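S.K.: Contents of query-v2.csv (CSV, C-alpha atoms) are below:
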chain,number,residue,atom,x,y,z
A,24,MET,CA,-165.5,154.8,258.7
A,25,GLN,CA,-164.1,153.9,255.3
A,26,ILE,CA,-161.4,151.3,254.8
A,27,LYS,CA,-158.6,153.8,254.2
A,28,GLU,CA,-159.1,155.7,257.4
A,29,PHE,CA,-159.6,152.4,259.3
A,30,LEU,CA,-156.3,151.1,257.9
A,31,LEU,CA,-154.6,154.3,259.1
A,32,LYS,CA,-156.1,153.8,262.5
A,33,LEU,CA,-154.9,150.2,262.6
A,34,HIS,CA,-151.5,151.2,261.5
A,35,LEU,CA,-151.1,153.9,264.2
A,36,CYS,CA,-152.5,151.6,266.9
A,37,LYS,CA,-150.0,150.1,269.4
A,38,GLY,CA,-149.5,146.4,269.5
A,39,ILE,CA,-150.4,145.1,266.0
A,40,GLY,CA,-147.3,145.7,264.0
A,41,CYS,CA,-146.6,145.3,260.3
A,42,HIS,CA,-147.0,141.5,260.5
A,43,GLY,CA,-150.5,141.8,261.9
A,44,GLU,CA,-151.4,144.5,259.5
A,45,ALA,CA,-150.5,142.4,256.5
A,46,LYS,CA,-152.5,139.5,257.8
A,47,PHE,CA,-155.5,141.7,258.5
A,48,TRP,CA,-155.3,143.1,254.9
A,49,GLN,CA,-155.3,139.6,253.4
A,50,TRP,CA,-158.3,138.7,255.5
A,51,TRP,CA,-160.1,141.9,254.6
A,52,GLN,CA,-159.7,141.3,250.9
A,53,THR,CA,-161.2,137.9,251.2
A,54,HIS,CA,-164.2,138.9,253.3
A,55,HIS,CA,-165.1,142.5,252.5
A,56,SER,CA,-165.6,145.0,249.7
A,57,GLN,CA,-163.1,147.8,249.7
A,58,GLU,CA,-165.9,150.3,249.3
A,59,GLN,CA,-167.7,149.1,252.4
A,60,ALA,CA,-167.5,151.2,255.6
A,61,CYS,CA,-165.4,149.4,258.2
A,62,SER,CA,-167.3,148.8,261.4
A,63,LEU,CA,-165.2,146.1,262.9
A,64,THR,CA,-164.8,146.0,266.7
A,65,PRO,CA,-161.4,145.7,268.2
A,66,ASP,CA,-162.2,142.2,269.4
A,67,GLN,CA,-162.7,141.1,265.8
A,68,ILE,CA,-159.1,142.1,265.1
A,69,LEU,CA,-157.4,140.2,267.9
A,70,ASN,CA,-156.7,137.2,265.7
A,71,PHE,CA,-154.1,139.4,263.9
A,72,VAL,CA,-152.4,140.6,267.2
A,73,SER,CA,-149.9,138.4,269.1
A,74,SER,CA,-151.2,137.2,272.4
A,75,GLN,CA,-148.6,139.2,274.4
A,76,ASN,CA,-149.7,142.5,272.7
A,77,GLN,CA,-153.5,142.0,272.8
A,78,LYS,CA,-154.1,144.0,276.0
A,79,ARG,CA,-151.9,146.9,274.7
A,80,PHE,CA,-153.8,146.8,271.4
A,81,LEU,CA,-157.3,146.9,273.0
A,82,ALA,CA,-156.3,149.7,275.4
A,83,ASP,CA,-155.0,151.9,272.6
A,84,PHE,CA,-157.6,151.1,269.9
A,85,SER,CA,-160.4,153.0,271.6
A,86,SER,CA,-158.3,155.7,273.1
A,87,GLU,CA,-158.6,159.4,272.6
A,88,ASN,CA,-154.9,159.5,272.0
A,89,LEU,CA,-155.1,157.2,269.0
A,90,GLN,CA,-158.0,159.2,267.5
A,91,ASN,CA,-155.9,162.4,267.9
A,92,LYS,CA,-153.0,160.7,266.1
A,93,VAL,CA,-155.4,159.7,263.2
A,94,THR,CA,-156.7,163.2,262.9
A,95,ARG,CA,-153.2,164.7,262.9
A,96,HIS,CA,-152.0,162.4,260.1
A,97,LEU,CA,-155.1,162.9,258.1
A,98,THR,CA,-154.5,166.7,258.2
A,99,GLN,CA,-150.7,167.0,258.3
A,100,THR,CA,-149.5,164.2,256.0
A,101,LYS,CA,-150.1,162.7,252.6
A,102,ILE,CA,-151.2,159.1,252.9
A,103,LEU,CA,-150.9,156.2,250.4
A,104,ALA,CA,-153.0,153.2,251.5
A,105,ILE,CA,-152.8,149.7,250.1
A,106,CYS,CA,-156.5,150.1,249.0
A,107,ASP,CA,-155.7,153.2,246.9
A,108,PRO,CA,-155.5,152.8,243.0
A,109,GLU,CA,-152.1,154.7,243.1
A,110,TYR,CA,-150.6,152.0,245.3
A,111,PRO,CA,-147.9,150.2,243.2
A,112,GLN,CA,-149.1,146.8,242.0
A,113,GLN,CA,-145.6,145.3,242.5
A,114,LEU,CA,-145.6,146.2,246.2
A,115,THR,CA,-149.0,144.7,246.8
A,116,GLU,CA,-147.6,141.4,245.6
A,117,ALA,CA,-144.4,141.7,247.8
A,118,PHE,CA,-143.7,140.1,251.2
A,119,MET,CA,-145.6,141.8,254.0
A,120,ALA,CA,-146.7,144.8,251.9
A,121,PRO,CA,-147.2,147.9,254.1
A,122,ILE,CA,-150.9,148.9,254.4
A,123,ILE,CA,-150.0,152.6,254.9
A,124,LEU,CA,-147.2,154.7,253.5
A,125,PHE,CA,-146.8,158.4,254.3
A,126,TYR,CA,-145.2,160.4,251.6
A,127,GLU,CA,-143.8,163.8,250.4
A,128,GLY,CA,-143.3,164.6,246.8
A,129,GLU,CA,-144.4,163.1,243.5
A,130,LEU,CA,-146.2,159.7,243.6
A,131,ALA,CA,-145.9,159.6,239.8
A,132,LEU,CA,-142.3,158.4,240.2
A,133,LEU,CA,-143.6,155.1,241.4
A,134,ARG,CA,-144.9,154.4,237.8
A,135,LEU,CA,-141.3,154.6,236.4
A,136,PRO,CA,-139.1,151.5,236.1
A,137,LEU,CA,-137.5,151.3,239.6
A,138,LEU,CA,-133.9,150.3,240.3
A,139,GLY,CA,-133.0,149.6,243.9
A,140,MET,CA,-129.4,150.5,244.9
A,141,VAL,CA,-128.2,149.6,248.3
A,142,GLY,CA,-124.8,149.2,249.9
A,143,ALA,CA,-122.4,149.9,252.8
A,144,ARG,CA,-122.8,152.9,255.1
A,145,LEU,CA,-119.0,153.1,255.2
A,146,ALA,CA,-118.7,153.0,251.4
A,147,ASN,CA,-115.4,154.2,250.0
A,148,GLN,CA,-114.2,155.8,246.8
A,149,TYR,CA,-114.6,152.6,244.8
A,150,GLY,CA,-118.3,152.6,245.5
A,151,GLU,CA,-118.6,156.2,244.7
A,152,LYS,CA,-116.7,155.8,241.4
A,153,CYS,CA,-118.9,152.8,240.5
A,154,LEU,CA,-122.1,154.9,241.0
A,155,ALA,CA,-120.6,157.8,239.0
A,156,THR,CA,-119.9,155.4,236.1
A,157,LEU,CA,-123.2,153.5,236.1
A,158,ILE,CA,-125.9,156.0,237.0
A,159,PRO,CA,-125.7,158.3,234.0
A,160,THR,CA,-126.9,155.5,231.6
A,161,VAL,CA,-129.6,154.5,234.1
A,162,VAL,CA,-130.9,158.1,234.2
A,163,ALA,CA,-130.7,158.3,230.4
A,164,GLN,CA,-133.1,155.3,230.2
A,165,ASN,CA,-135.6,157.1,232.5
A,166,ILE,CA,-135.1,154.5,235.3
A,167,ALA,CA,-135.7,155.9,238.8
A,168,VAL,CA,-133.2,155.0,241.5
A,169,ILE,CA,-134.7,153.9,244.9
A,170,SER,CA,-132.7,153.7,248.1
A,171,GLY,CA,-132.9,154.2,251.8
A,172,LEU,CA,-131.4,157.7,252.3
A,173,ALA,CA,-128.8,156.2,254.7
A,174,ALA,CA,-125.2,157.2,254.9
A,175,GLY,CA,-122.8,155.7,252.3
A,176,ILE,CA,-124.0,154.1,249.1
A,177,ASP,CA,-127.7,155.2,249.7
A,178,ALA,CA,-126.9,158.9,249.9
A,179,MET,CA,-124.3,158.6,247.1
A,180,ALA,CA,-126.9,156.9,244.8
A,181,HIS,CA,-129.5,159.6,245.5
A,182,LYS,CA,-127.0,162.5,245.0
A,183,GLU,CA,-125.5,161.0,241.8
A,184,THR,CA,-129.0,160.5,240.3
A,185,LEU,CA,-129.9,164.1,241.1
A,186,ARG,CA,-126.6,165.4,239.7
A,187,ARG,CA,-127.4,163.7,236.4
A,188,GLY,CA,-130.9,165.1,236.3
A,189,GLY,CA,-132.7,161.8,237.1
A,190,TYR,CA,-135.5,160.6,239.4
A,191,THR,CA,-134.9,159.2,242.8
A,192,ILE,CA,-137.0,157.8,245.7
A,193,GLY,CA,-136.0,157.6,249.3
A,194,VAL,CA,-137.6,155.1,251.7
A,195,ILE,CA,-136.7,156.2,255.2
A,196,GLY,CA,-136.8,154.5,258.6
A,197,THR,CA,-138.2,157.5,260.6
A,198,GLY,CA,-141.2,159.8,260.4
A,199,LEU,CA,-141.2,162.2,257.6
A,200,ASN,CA,-140.4,165.1,259.9
A,201,ARG,CA,-137.3,163.4,261.3
A,202,TYR,CA,-133.9,163.1,259.6
A,203,TYR,CA,-131.5,160.2,260.0
A,204,PRO,CA,-128.6,160.5,259.7
A,205,LYS,CA,-128.6,164.2,260.4
A,206,GLN,CA,-126.1,164.8,257.7
A,207,ASN,CA,-128.7,163.9,255.1
A,208,GLU,CA,-131.3,166.4,256.3
A,209,ALA,CA,-130.8,168.8,253.3
A,210,LEU,CA,-130.9,165.9,250.9
A,211,GLN,CA,-134.1,164.6,252.3
A,212,LYS,CA,-135.8,168.0,252.3
A,213,TYR,CA,-134.8,168.5,248.7
A,214,MET,CA,-136.1,165.1,247.7
A,215,ALA,CA,-139.3,165.7,249.6
A,216,SER,CA,-139.9,168.9,247.4
A,217,HIS,CA,-138.6,167.6,244.1
A,218,GLN,CA,-138.6,163.8,244.1
A,219,LEU,CA,-140.3,161.4,246.5
A,220,ILE,CA,-139.9,160.3,250.1
A,221,LEU,CA,-141.8,157.3,251.5
A,222,SER,CA,-142.1,156.2,255.1
A,223,GLU,CA,-144.1,153.6,256.9
A,224,TYR,CA,-143.6,155.4,260.2
A,225,PRO,CA,-145.8,158.1,261.8
A,226,LEU,CA,-144.7,161.7,262.4
A,227,ASP,CA,-142.1,162.1,265.1
A,228,ALA,CA,-141.0,158.4,264.9
A,229,GLY,CA,-137.3,158.2,265.5
A,230,PRO,CA,-134.7,155.8,264.1
A,231,LYS,CA,-134.9,152.3,265.7
A,232,ARG,CA,-132.9,149.3,264.6
A,233,HIS,CA,-135.9,147.2,263.5
A,234,HIS,CA,-137.2,150.1,261.4
A,235,PHE,CA,-134.4,149.7,258.9
A,236,VAL,CA,-134.9,146.0,258.5
A,237,GLU,CA,-138.6,146.7,257.9
A,238,ARG,CA,-137.7,149.6,255.6
A,239,ASN,CA,-135.6,147.2,253.5
A,240,ARG,CA,-138.6,145.0,252.6
A,241,ILE,CA,-140.3,148.1,251.0
A,242,ILE,CA,-137.3,148.8,248.8
A,243,ALA,CA,-137.1,145.1,247.9
A,244,GLY,CA,-140.8,145.1,247.1
A,245,LEU,CA,-140.9,148.3,245.0
A,246,CYS,CA,-137.9,147.8,242.8
A,247,GLU,CA,-137.9,145.7,239.6
A,248,THR,CA,-134.1,145.1,240.0
A,249,LEU,CA,-131.9,145.4,243.0
A,250,CYS,CA,-128.2,146.4,242.6
A,251,VAL,CA,-125.9,145.8,245.6
A,252,VAL,CA,-122.9,148.1,245.2
A,253,GLN,CA,-120.7,147.4,248.3
A,254,ALA,CA,-121.7,145.1,251.2
A,255,LYS,CA,-120.0,143.5,254.1
A,256,GLN,CA,-120.7,139.8,254.9
A,257,HIS,CA,-124.0,139.5,256.8
A,258,SER,CA,-124.9,143.2,256.1
A,259,GLY,CA,-128.3,144.9,255.9
A,260,SER,CA,-127.8,145.1,252.1
A,261,LEU,CA,-127.7,141.3,251.9
A,262,ILE,CA,-131.0,141.1,253.9
A,263,THR,CA,-132.5,143.5,251.3
A,264,ALA,CA,-131.1,141.3,248.5
A,265,ASN,CA,-132.6,138.1,250.1
A,266,LEU,CA,-136.0,139.9,250.4
A,267,ALA,CA,-135.8,141.0,246.7
A,268,LEU,CA,-135.1,137.3,245.7
A,269,GLN,CA,-138.2,136.2,247.8
A,270,ASN,CA,-140.2,138.8,245.8
A,271,ASN,CA,-138.8,137.3,242.5
A,272,ARG,CA,-136.9,140.5,241.7
A,273,ASN,CA,-133.7,140.6,239.8
A,274,VAL,CA,-130.6,140.8,242.0
A,275,ILE,CA,-127.3,142.1,240.6
A,276,ALA,CA,-124.1,143.0,242.3
A,277,ILE,CA,-120.9,144.9,241.6
A,278,PRO,CA,-117.8,142.7,242.2
A,279,GLY,CA,-114.8,143.9,244.1
A,280,ARG,CA,-111.4,142.8,245.3
A,281,ILE,CA,-111.4,139.6,247.2
A,282,ASP,CA,-109.4,141.2,250.1
A,283,ASP,CA,-111.9,144.1,250.5
A,284,VAL,CA,-114.3,143.6,253.4
A,285,LEU,CA,-116.8,145.9,251.6
A,286,SER,CA,-116.9,143.6,248.6
A,287,VAL,CA,-117.3,140.2,250.4
A,288,GLY,CA,-121.1,140.4,250.4
A,289,CYS,CA,-121.3,141.3,246.7
A,290,ASN,CA,-118.8,138.7,245.7
A,291,GLU,CA,-120.7,136.1,247.7
A,292,LEU,CA,-124.0,137.1,246.0
A,293,ILE,CA,-122.3,136.6,242.6
A,294,ALA,CA,-120.9,133.3,243.6
A,295,ALA,CA,-124.5,132.3,244.6
A,296,GLY,CA,-125.8,133.2,241.2
A,297,ALA,CA,-126.4,137.0,241.1
A,298,LYS,CA,-125.5,138.7,237.9
A,299,PRO,CA,-122.2,140.6,238.1
A,300,VAL,CA,-122.4,144.3,237.0
A,301,LEU,CA,-119.3,145.2,234.9
A,302,ASN,CA,-120.9,148.1,233.0
A,303,SER,CA,-124.0,150.2,232.9
A,304,GLN,CA,-125.5,148.1,230.1
A,305,HIS,CA,-125.6,145.2,232.5
A,306,ILE,CA,-128.1,147.2,234.6
A,307,VAL,CA,-130.2,148.6,231.8
A,308,GLU,CA,-130.6,145.2,230.1
A,309,GLU,CA,-132.4,143.9,233.3
A,310,PHE,CA,-135.2,146.3,232.4
A,311,LEU,CA,-135.4,145.1,228.8
A,312,ILE,CA,-136.0,141.4,229.4
Represent the structure from my file as structure tokens, please.

M.R.:
Amino acid sequence: MQIKEFLLKLHLCKGIGCHGEAKFWQWWQTHHSQEQACSLTPDQILNFVSSQNQKRFLADFSSENLQNKVTRHLTQTKILAICDPEYPQQLTEAFMAPIILFYEGELALLRLPLLGMVGARLANQYGEKCLATLIPTVVAQNIAVISGLAAGIDAMAHKETLRRGGYTIGVIGTGLNRYYPKQNEALQKYMASHQLILSEYPLDAGPKRHHFVERNRIIAGLCETLCVVQAKQHSGSLITANLALQNNRNVIAIPGRIDDVLSVGCNELIAAGAKPVLNSQHIVEEFLI
């Protein structure tokens, strides 16, 4: 078994999780050649599995069910592994880089300058107006917009980019054949055919709360600059911003009224040192430094 297929098997196996997968990959890079066939036994991987999950991992690793899942994903999905030359360099250097990504669409979009745009799911007209004002110049500079295909700012950012004829990438928290929220099904299908959809999760995987926190680290790792458009205090968008800062990415934010709960997070980011975005040039110049 070659390393890419082994990484897929490891990724689909119960019990190891993305933390263990990242630790395994760091160890593998140090001890093995990427061209070498992987003949590790499950016992050799237990160091990367938490003690409470080791029995679960061992039971699944050699199961027929796991091999069937591997075969299904090899035949029914497109797979980008961390050992592939197409895997983005900036993501390999990010916190807890995913060892496997499933995708639909054009991987070439990952070679463009990438602007992450995140914000509130209950975004209002102010957020929508900001995106309509800022995105046309971003598109004109051939900068791709990456977001999470969630309700609110995410969907608005994808749609405005498409409306302006630009490139956009969605990182989702479900399997590629699931749609969450349901209202974005048509948007996700269109982007899968004409843009790029990425997911860490296997086919049929539904939306779970921890998926979206894990998804955020991928957005934060892929982008060169992250723009927070609207965000409540202690929101998921601020988690993404903190992850981006950990990855030494530029974090910028759109200011808002001090009495608007959807602007508290952005205003606090700015108070802590994030660059305020007052016009589209403030975004574009982040890619010229």

S.K.: Kindly compute an axis-aligned box around the listed atoms of range 184-192 of chain A, allowing 8 Å on each side, and express its centre and edge lengths in Å to one decimal as JSON.

M.R.:
{"center_x": -131.8, "center_y": 161.6, "center_z": 241.0, "size_x": 26.4, "size_y": 23.6, "size_z": 25.4}

S.K.: Any chance you could tabulate, as a Markdown table, the residues of range 51-148 of chain A at most 12 Å from range 269-275 of chain A with each one's nearest atom pair and distance in Å to one decimal, using all atoms listed in the file, in chain and rising number order?

M.R.:
| residue | atom | partner | partner_atom | distance |
| --- | --- | --- | --- | --- |
| A:Gln113 | CA | A:Asn270 | CA | 9.1 |
| A:Leu114 | CA | A:Asn270 | CA | 9.2 |
| A:Thr115 | CA | A:Asn270 | CA | 10.6 |
| A:Glu116 | CA | A:Asn270 | CA | 7.8 |
| A:Ala117 | CA | A:Asn270 | CA | 5.5 |
| A:Phe118 | CA | A:Asn270 | CA | 6.6 |
| A:Met119 | CA | A:Asn270 | CA | 10.3 |
| A:Ala120 | CA | A:Asn270 | CA | 10.7 |
| A:Leu137 | CA | A:Arg272 | CA | 11.0 |
| A:Leu138 | CA | A:Asn273 | CA | 9.7 |
| A:Gly139 | CA | A:Val274 | CA | 9.3 |
| A:Met140 | CA | A:Ile275 | CA | 9.7 |
| A:Val141 | CA | A:Ile275 | CA | 10.8 |
| A:Gly142 | CA | A:Ile275 | CA | 12.0 |

S.K.: Please report the interatomic distance between CA of Val93 in chain A and CA of Lys27 in chain A in Å with one decimal.

M.R.: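 Atom-to-atom, CA of Val93 in chain A to CA of Lys27 in chain A, that is 11.2 Å.
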
S.K.: Using Å and a single decimal, report how far CA of Thr197 in chain A sits from CA of Pro230 in chain A.

M.R.: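 Separating CA of Pro230 in chain A from CA of Thr197 in chain A is a distance of 5.2 Å.
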
S.K.: Determine the nearest neighbour of Asp282 in chain A from the options A:Leu311, A:Arg187, A:Lys255, A:Ser170, counting only C-alpha atoms.

M.R.: A:Lys255

S.K.: Show which residues sit within 12 Å of Leu261 in chain A, as a PyMOL selection string. Count only C-alpha atoms, and ignore same-chain residues fewer than 3 positions away.

M.R.: chain A and resi 140-143+236+239-240+243+249-258+264-268+274-276+285-293+297

S.K.: Identify which of the residues A:Leu226, A:Ala180, A:Ala215, A:Leu35 lies closest to Val161 in chain A, counting all atoms listed in the file when measuring atom-to-atom distances.

M.R.: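 Closest candidate: A:Ala180.
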
S.K.: Counting all atoms listed in the file, which of A:Leu30, A:Ala82, A:Leu97, A:Ile220 gets nearest to Gly128 in chain A?

M.R.: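 Answer, going by the shortest atom-to-atom distance: A:Ile220.
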
S.K.: Enter the distance from CA of Tyr110 in chain A to CA of Gly198 in chain A, in Å, rounded to one decimal.

M.R.: 19.4 Å

S.K.: Please determine, counting only C-alpha atoms, which residue among A:Ser260, A:Gln211, A:Ser303, A:Ser73 has the shortest atom-to-atom distance to Tyr126 in chain A.

M.R.: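 Between A:Ser260, A:Gln211, A:Ser303, A:Ser73, the residue approaching Tyr126 in chain A most closely is A:Gln211.
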
S.K.: Can you list, as a PyMOL selection string, every protein, DNA or RNA residue that comes within 9 Å of His34 in chain A when you count all atoms listed in the file, leaving out same-chain residues fewer than 3 positions away?

M.R.: chain A and resi 29-31+37+39-41+44+122-123+225

S.K.: Give the answer as one residue: which of A:Tyr224, A:Pro136, A:Arg280, A:Gly193 has the shortest atom-to-atom distance to Ile306 in chain A, using all atoms listed in the file?

M.R.: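 Of the candidates, the smallest distance to Ile306 in chain A is held by A:Pro136.
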
S.K.: Rank nothing, just name the residue among A:Val284, A:Leu133, A:Leu33, A:Ile195 nearest to Asp177 in chain A, using all atoms listed in the file.

M.R.: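 That would be A:Ile195, the residue with the smallest distance to Asp177 in chain A.
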